[in-house]
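J.: My structure is in upload13.cif, and what it holds is mmCIF, N, CA and C atoms:
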```cif
data_work
loop_
_atom_site.label_atom_id
_atom_site.label_comp_id
_atom_site.auth_asym_id
_atom_site.auth_seq_id
_atom_site.Cartn_x
_atom_site.Cartn_y
_atom_site.Cartn_z
N MET A 268 4.89 21.65 25.43
CA MET A 268 5.10 23.03 25.08
C MET A 268 6.32 23.13 24.18
N VAL A 269 6.21 24.02 23.20
CA VAL A 269 7.29 24.20 22.23
C VAL A 269 8.38 25.04 22.87
N VAL A 270 9.56 24.56 22.70
CA VAL A 270 10.71 25.29 23.24
C VAL A 270 11.16 26.29 22.17
N LEU A 271 11.18 27.55 22.53
CA LEU A 271 11.59 28.60 21.59
C LEU A 271 13.10 28.71 21.59
N LYS A 272 13.66 28.66 20.39
CA LYS A 272 15.11 28.81 20.28
C LYS A 272 15.43 30.28 20.16
N LYS A 273 16.45 30.67 20.78
CA LYS A 273 16.88 32.06 20.69
C LYS A 273 17.78 32.21 19.47
N ILE A 274 17.54 33.26 18.69
CA ILE A 274 18.36 33.55 17.52
C ILE A 274 19.25 34.71 17.89
N ARG A 275 20.51 34.52 17.61
CA ARG A 275 21.45 35.60 17.92
C ARG A 275 21.14 36.80 17.05
N ALA A 276 21.15 37.94 17.62
CA ALA A 276 20.89 39.17 16.88
C ALA A 276 22.03 39.44 15.91
N SER A 277 21.68 39.97 14.72
CA SER A 277 22.72 40.26 13.75
C SER A 277 23.43 41.55 14.14
N SER A 278 24.65 41.60 13.71
CA SER A 278 25.45 42.77 14.06
C SER A 278 25.08 43.95 13.15
N LEU A 279 25.55 45.11 13.52
CA LEU A 279 25.29 46.32 12.75
C LEU A 279 25.90 46.22 11.36
N VAL A 280 27.06 45.63 11.24
CA VAL A 280 27.74 45.50 9.94
C VAL A 280 26.93 44.61 9.01
N GLU A 281 26.38 43.52 9.51
CA GLU A 281 25.57 42.64 8.67
C GLU A 281 24.30 43.36 8.20
N THR A 282 23.69 44.11 9.06
CA THR A 282 22.49 44.86 8.70
C THR A 282 22.79 45.91 7.64
N LEU A 283 23.86 46.64 7.80
CA LEU A 283 24.24 47.65 6.80
C LEU A 283 24.60 47.00 5.46
N THR A 284 25.28 45.88 5.49
CA THR A 284 25.65 45.19 4.25
C THR A 284 24.39 44.74 3.50
N ALA A 285 23.44 44.16 4.22
CA ALA A 285 22.19 43.72 3.59
C ALA A 285 21.43 44.92 3.02
N SER A 286 21.42 46.02 3.73
CA SER A 286 20.73 47.23 3.26
C SER A 286 21.38 47.77 1.99
N VAL A 287 22.71 47.77 1.94
CA VAL A 287 23.42 48.25 0.74
C VAL A 287 23.12 47.36 -0.45
N ILE A 288 23.10 46.05 -0.24
CA ILE A 288 22.80 45.13 -1.34
C ILE A 288 21.38 45.38 -1.87
N ILE A 289 20.43 45.56 -0.98
CA ILE A 289 19.05 45.82 -1.41
C ILE A 289 18.96 47.14 -2.17
N VAL A 290 19.63 48.17 -1.71
CA VAL A 290 19.62 49.47 -2.39
C VAL A 290 20.24 49.35 -3.78
N VAL A 291 21.34 48.63 -3.90
CA VAL A 291 22.00 48.46 -5.21
C VAL A 291 21.08 47.73 -6.18
N ILE A 292 20.38 46.70 -5.71
CA ILE A 292 19.46 45.96 -6.57
C ILE A 292 18.32 46.87 -7.04
N PHE A 293 17.77 47.68 -6.14
CA PHE A 293 16.71 48.61 -6.55
C PHE A 293 17.22 49.67 -7.52
N MET A 294 18.45 50.12 -7.36
CA MET A 294 19.01 51.10 -8.30
C MET A 294 19.15 50.50 -9.70
N ILE A 295 19.66 49.27 -9.76
CA ILE A 295 19.82 48.60 -11.06
C ILE A 295 18.45 48.42 -11.72
N ALA A 296 17.46 47.99 -10.94
CA ALA A 296 16.10 47.82 -11.48
C ALA A 296 15.54 49.16 -11.95
N SER A 297 15.78 50.22 -11.20
CA SER A 297 15.28 51.54 -11.57
C SER A 297 15.89 52.02 -12.88
N PHE A 298 17.20 51.84 -13.04
CA PHE A 298 17.86 52.26 -14.28
C PHE A 298 17.36 51.43 -15.47
N SER A 299 17.11 50.15 -15.24
CA SER A 299 16.60 49.30 -16.32
C SER A 299 15.21 49.75 -16.77
N PHE A 300 14.32 50.01 -15.81
CA PHE A 300 12.98 50.49 -16.16
C PHE A 300 13.04 51.84 -16.85
N ASN A 301 13.92 52.71 -16.38
CA ASN A 301 14.07 54.03 -16.99
C ASN A 301 14.50 53.90 -18.45
N ASN A 302 15.42 53.00 -18.72
CA ASN A 302 15.90 52.78 -20.08
C ASN A 302 14.77 52.25 -20.97
N VAL A 303 14.00 51.32 -20.46
CA VAL A 303 12.88 50.77 -21.24
C VAL A 303 11.85 51.85 -21.55
N PHE A 304 11.50 52.65 -20.56
CA PHE A 304 10.51 53.70 -20.78
C PHE A 304 11.02 54.77 -21.74
N LEU A 305 12.30 55.14 -21.65
CA LEU A 305 12.84 56.13 -22.58
C LEU A 305 12.82 55.61 -24.01
N ASN A 306 13.17 54.34 -24.21
CA ASN A 306 13.14 53.77 -25.55
C ASN A 306 11.72 53.70 -26.08
N THR A 307 10.77 53.43 -25.22
CA THR A 307 9.37 53.40 -25.64
C THR A 307 8.92 54.79 -26.08
N ILE A 308 9.29 55.80 -25.33
CA ILE A 308 8.91 57.17 -25.67
C ILE A 308 9.60 57.61 -26.95
N LYS A 309 10.88 57.27 -27.13
CA LYS A 309 11.60 57.67 -28.33
C LYS A 309 11.03 57.02 -29.59
N SER A 310 10.55 55.80 -29.46
CA SER A 310 10.06 55.11 -30.65
C SER A 310 8.57 55.31 -30.87
N ASP A 311 7.89 56.07 -30.03
CA ASP A 311 6.47 56.32 -30.19
C ASP A 311 6.26 57.31 -31.32
N ASP A 312 5.66 56.83 -32.38
CA ASP A 312 5.46 57.68 -33.55
C ASP A 312 4.00 57.66 -34.03
N GLU A 313 3.08 57.48 -33.11
CA GLU A 313 1.67 57.45 -33.49
C GLU A 313 1.20 58.79 -34.03
N GLN A 314 1.65 59.89 -33.42
CA GLN A 314 1.27 61.20 -33.92
C GLN A 314 1.82 61.43 -35.32
N LEU A 315 3.04 60.95 -35.57
CA LEU A 315 3.62 61.08 -36.90
C LEU A 315 2.81 60.28 -37.92
N ASN A 316 2.47 59.04 -37.58
CA ASN A 316 1.70 58.22 -38.51
C ASN A 316 0.35 58.86 -38.82
N SER A 317 -0.26 59.47 -37.84
CA SER A 317 -1.52 60.17 -38.06
C SER A 317 -1.32 61.34 -39.02
N ARG A 318 -0.24 62.10 -38.82
CA ARG A 318 0.04 63.24 -39.70
C ARG A 318 0.35 62.78 -41.12
N ILE A 319 1.07 61.67 -41.25
CA ILE A 319 1.39 61.15 -42.59
C ILE A 319 0.11 60.72 -43.31
N ARG A 320 -0.80 60.07 -42.59
CA ARG A 320 -2.08 59.70 -43.22
C ARG A 320 -2.84 60.95 -43.67
N GLU A 321 -2.78 62.00 -42.85
CA GLU A 321 -3.45 63.25 -43.21
C GLU A 321 -2.80 63.87 -44.46
N ILE A 322 -1.49 63.85 -44.52
CA ILE A 322 -0.79 64.43 -45.68
C ILE A 322 -1.07 63.61 -46.93
N LYS A 323 -1.13 62.30 -46.81
CA LYS A 323 -1.48 61.46 -47.97
C LYS A 323 -2.87 61.80 -48.48
N TYR A 324 -3.79 61.98 -47.56
CA TYR A 324 -5.15 62.35 -47.94
C TYR A 324 -5.16 63.69 -48.66
N LEU A 325 -4.47 64.69 -48.07
CA LEU A 325 -4.43 66.02 -48.68
C LEU A 325 -3.74 65.99 -50.04
N THR A 326 -2.73 65.15 -50.19
CA THR A 326 -2.05 65.02 -51.48
C THR A 326 -2.98 64.42 -52.53
N ARG A 327 -3.70 63.39 -52.13
CA ARG A 327 -4.60 62.72 -53.07
C ARG A 327 -5.65 63.68 -53.61
N TYR A 328 -6.11 64.62 -52.78
CA TYR A 328 -7.14 65.57 -53.21
C TYR A 328 -6.57 66.96 -53.52
N GLU A 329 -5.27 67.00 -53.75
CA GLU A 329 -4.56 68.20 -54.22
C GLU A 329 -4.79 69.41 -53.33
N ARG A 330 -4.62 69.25 -52.04
CA ARG A 330 -4.78 70.34 -51.08
C ARG A 330 -3.44 70.81 -50.51
N ILE A 331 -2.35 70.27 -51.02
CA ILE A 331 -1.01 70.65 -50.53
C ILE A 331 -0.24 71.27 -51.68
N LYS A 332 0.48 72.31 -51.38
CA LYS A 332 1.34 72.96 -52.38
C LYS A 332 2.75 72.39 -52.24
N PHE A 333 3.38 72.15 -53.37
CA PHE A 333 4.73 71.58 -53.38
C PHE A 333 5.73 72.61 -53.82
N PRO A 334 6.94 72.59 -53.35
CA PRO A 334 7.53 71.65 -52.40
C PRO A 334 6.96 71.86 -51.00
N PHE A 335 6.82 70.75 -50.27
CA PHE A 335 6.22 70.76 -48.94
C PHE A 335 7.31 70.50 -47.91
N TYR A 336 7.31 71.29 -46.83
CA TYR A 336 8.28 71.11 -45.74
C TYR A 336 7.58 71.43 -44.43
N GLU A 337 7.77 70.55 -43.44
CA GLU A 337 7.13 70.75 -42.14
C GLU A 337 8.01 70.17 -41.03
N GLU A 338 8.19 70.96 -39.98
CA GLU A 338 8.87 70.47 -38.78
C GLU A 338 7.82 70.31 -37.71
N ARG A 339 7.74 69.12 -37.14
CA ARG A 339 6.70 68.84 -36.15
C ARG A 339 7.34 68.04 -35.02
N GLY A 340 7.59 68.70 -33.89
CA GLY A 340 8.22 68.00 -32.77
C GLY A 340 9.65 67.59 -33.14
N TYR A 341 9.89 66.30 -33.09
CA TYR A 341 11.21 65.77 -33.44
C TYR A 341 11.22 65.19 -34.85
N TRP A 342 10.25 65.54 -35.66
CA TRP A 342 10.16 65.00 -37.01
C TRP A 342 10.22 66.12 -38.04
N ILE A 343 10.87 65.81 -39.15
CA ILE A 343 10.90 66.72 -40.30
C ILE A 343 10.26 65.97 -41.47
N ILE A 344 9.24 66.57 -42.06
CA ILE A 344 8.54 65.96 -43.19
C ILE A 344 8.73 66.87 -44.39
N SER A 345 9.23 66.31 -45.48
CA SER A 345 9.39 67.09 -46.70
C SER A 345 8.86 66.28 -47.88
N ALA A 346 8.39 67.01 -48.90
CA ALA A 346 7.82 66.35 -50.07
C ALA A 346 8.17 67.14 -51.32
N GLU A 347 8.31 66.40 -52.39
CA GLU A 347 8.63 67.00 -53.68
C GLU A 347 7.80 66.32 -54.75
N GLN A 348 7.21 67.12 -55.61
CA GLN A 348 6.37 66.55 -56.66
C GLN A 348 7.17 66.44 -57.94
N LYS A 349 7.13 65.25 -58.52
CA LYS A 349 7.75 65.00 -59.82
C LYS A 349 6.66 64.42 -60.71
N PRO A 350 6.89 64.42 -62.01
CA PRO A 350 5.83 63.91 -62.91
C PRO A 350 5.41 62.48 -62.55
N GLY A 351 4.12 62.33 -62.25
CA GLY A 351 3.57 61.00 -61.98
C GLY A 351 3.60 60.56 -60.53
N ALA A 352 4.34 61.27 -59.65
CA ALA A 352 4.43 60.81 -58.26
C ALA A 352 4.84 61.95 -57.34
N VAL A 353 4.57 61.75 -56.07
CA VAL A 353 5.02 62.67 -55.03
C VAL A 353 5.94 61.88 -54.11
N TYR A 354 7.14 62.40 -53.88
CA TYR A 354 8.15 61.74 -53.07
C TYR A 354 8.23 62.41 -51.70
N PHE A 355 8.02 61.61 -50.67
CA PHE A 355 8.06 62.10 -49.29
C PHE A 355 9.28 61.55 -48.57
N GLU A 356 9.85 62.38 -47.70
CA GLU A 356 10.96 61.96 -46.85
C GLU A 356 10.65 62.43 -45.43
N VAL A 357 10.75 61.51 -44.47
CA VAL A 357 10.47 61.81 -43.07
C VAL A 357 11.71 61.46 -42.26
N GLN A 358 12.17 62.41 -41.42
CA GLN A 358 13.36 62.19 -40.60
C GLN A 358 13.02 62.37 -39.13
N ASN A 359 13.52 61.45 -38.30
CA ASN A 359 13.38 61.57 -36.86
C ASN A 359 14.67 62.16 -36.32
N LEU A 360 14.59 63.30 -35.64
CA LEU A 360 15.78 63.97 -35.14
C LEU A 360 16.31 63.32 -33.86
N ARG A 361 15.49 62.56 -33.17
CA ARG A 361 15.94 61.91 -31.93
C ARG A 361 16.82 60.71 -32.20
N ASN A 362 16.34 59.78 -33.03
CA ASN A 362 17.10 58.55 -33.25
C ASN A 362 17.63 58.42 -34.68
N LYS A 363 17.58 59.50 -35.44
CA LYS A 363 18.15 59.57 -36.80
C LYS A 363 17.52 58.55 -37.75
N LYS A 364 16.28 58.15 -37.48
CA LYS A 364 15.58 57.21 -38.35
C LYS A 364 14.99 57.98 -39.52
N GLU A 365 15.07 57.40 -40.71
CA GLU A 365 14.50 58.03 -41.92
C GLU A 365 13.50 57.09 -42.56
N MET A 366 12.49 57.69 -43.18
CA MET A 366 11.46 56.92 -43.85
C MET A 366 11.11 57.64 -45.14
N ASP A 367 11.06 56.91 -46.23
CA ASP A 367 10.69 57.47 -47.53
C ASP A 367 9.45 56.74 -48.04
N PHE A 368 8.57 57.46 -48.71
CA PHE A 368 7.45 56.82 -49.37
C PHE A 368 7.04 57.65 -50.57
N ILE A 369 6.37 56.98 -51.50
CA ILE A 369 5.97 57.59 -52.77
C ILE A 369 4.47 57.44 -52.93
N ILE A 370 3.82 58.49 -53.40
CA ILE A 370 2.41 58.44 -53.72
C ILE A 370 2.30 58.63 -55.23
N GLU A 371 1.83 57.58 -55.89
CA GLU A 371 1.66 57.63 -57.35
C GLU A 371 0.42 58.48 -57.65
N GLN A 372 0.54 59.29 -58.67
CA GLN A 372 -0.58 60.14 -59.09
C GLN A 372 -1.06 59.67 -60.45
N SER A 373 -2.37 59.53 -60.55
CA SER A 373 -2.93 59.11 -61.83
C SER A 373 -3.12 60.34 -62.71
N GLY A 374 -2.88 60.18 -63.98
CA GLY A 374 -3.04 61.29 -64.92
C GLY A 374 -4.51 61.54 -65.21
N ASN A 375 -4.97 62.76 -65.00
CA ASN A 375 -6.38 63.09 -65.25
C ASN A 375 -6.57 63.60 -66.65
#
```
What would the structure in this file look like if it were written as structure tokens?
T.:
Amino acid sequence: MVVLKKIRASSLVETLTASVIIVVIFMIASFSFNNVFLNTIKSDDEQLNSRIREIKYLTRYERIKFPFYEERGYWIISAEQKPGAVYFEVQNLRNKKEMDFIIEQSGN
């Protein structure tokens, strides 16, 4: 028959210390995940890319009046027509990111 060894019970202080360490580790993990998810949300610009493709299409078929200005969520889209090209500027108000692009226009 196997002889069972008795294990001394841990004291209240040891139990509380272990609990505090576990809680601190979960808090650090929670803050890390929160930071990752916030950065993912801030950098999500799929709706903007969709709108830019739509504006490029409308520009190509002359359905937009210039100068063009639009505020959409956290983005500001502006456009100016100059001879031979249309100049677009897009600004992100959350992370201060800017993007510029040009659409060349062919002379008809």
J.: In Å to one decimal, how far is atom C of Trp342 (chain A) from CA of Gln358 (chain A)?
T.: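 Pair CA of Gln358 (chain A) / atom C of Trp342 (chain A) returns 5.6 Å.
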J.: Any idea what the distance is between atom N of Glu371 (chain A) and CA of Val353 (chain A)?
T.: 6.1 Å
J.: Let me know the residues the PyMOL selection byres ((chain A and resi 355) around 6.5) catches in the file above, as a PyMOL selection string.
T.: chain A and resi 345-347+353-354+356-357+366-370
J.: For the structure I just gave you, how does DSSP split chain A - specifically, which residues are alpha helix (DSSP H)? Reply as an MDAnalysis selection string.
T.: chainID A and resid 279:310 313:327
J.: Could you state the separation of atom C of Leu279 (chain A) and atom C of Val291 (chain A) in Å, given to one decimal place?
T.: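 Pair atom C of Leu279 (chain A) / atom C of Val291 (chain A) returns 18.3 Å.
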J.: May I have all residues of region 297-338 of chain A that DSSP, computed from the backbone, assigns to strand (DSSP E or B), given as a list in words?
T.: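 Assigned to strand (DSSP E or B), within region 297-338 of chain A: Phe335, Tyr336, Glu337 and Glu338 of chain A.
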J.: Would you list the contacts of Tyr341 (chain A) as a CSV table (one decimal) with N, CA and C atoms, in the frame of the given file, taking every protein, DNA or RNA residue within 7 Å and counting only N, CA and C atoms, but skipping same-chain residues closer than 2 positions in sequence?
T.:
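Final file, part-v6.csv:
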```csv
chain,number,residue,atom,x,y,z
A,338,GLU,N,8.2,71.0,-40.0
A,338,GLU,CA,8.9,70.5,-38.8
A,338,GLU,C,7.8,70.3,-37.7
A,339,ARG,N,7.7,69.1,-37.1
A,339,ARG,CA,6.7,68.8,-36.2
A,339,ARG,C,7.3,68.0,-35.0
A,343,ILE,N,10.9,65.8,-39.2
A,343,ILE,CA,10.9,66.7,-40.3
A,343,ILE,C,10.3,66.0,-41.5
A,358,GLN,N,12.2,62.4,-41.4
A,358,GLN,CA,13.4,62.2,-40.6
A,358,GLN,C,13.0,62.4,-39.1
A,359,ASN,N,13.5,61.4,-38.3
A,359,ASN,CA,13.4,61.6,-36.9
A,359,ASN,C,14.7,62.2,-36.3
A,360,LEU,N,14.6,63.3,-35.6
A,360,LEU,CA,15.8,64.0,-35.1
A,360,LEU,C,16.3,63.3,-33.9
A,361,ARG,N,15.5,62.6,-33.2
A,361,ARG,CA,15.9,61.9,-31.9
A,361,ARG,C,16.8,60.7,-32.2
```
J.: Pick out the closest residue to Gln372 (chain A) from this set: A:Gly351, A:Asn306, A:Met294, A:Gly340. Count all atoms listed in the file.
T.: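 Result for the nearest residue to Gln372 (chain A): A:Gly351.
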J.: So which one's closest to Phe335 (chain A), A:Thr282, A:Glu321, A:Gln348, A:Arg275? Using only N, CA and C atoms, please.
T.: A:Gln348
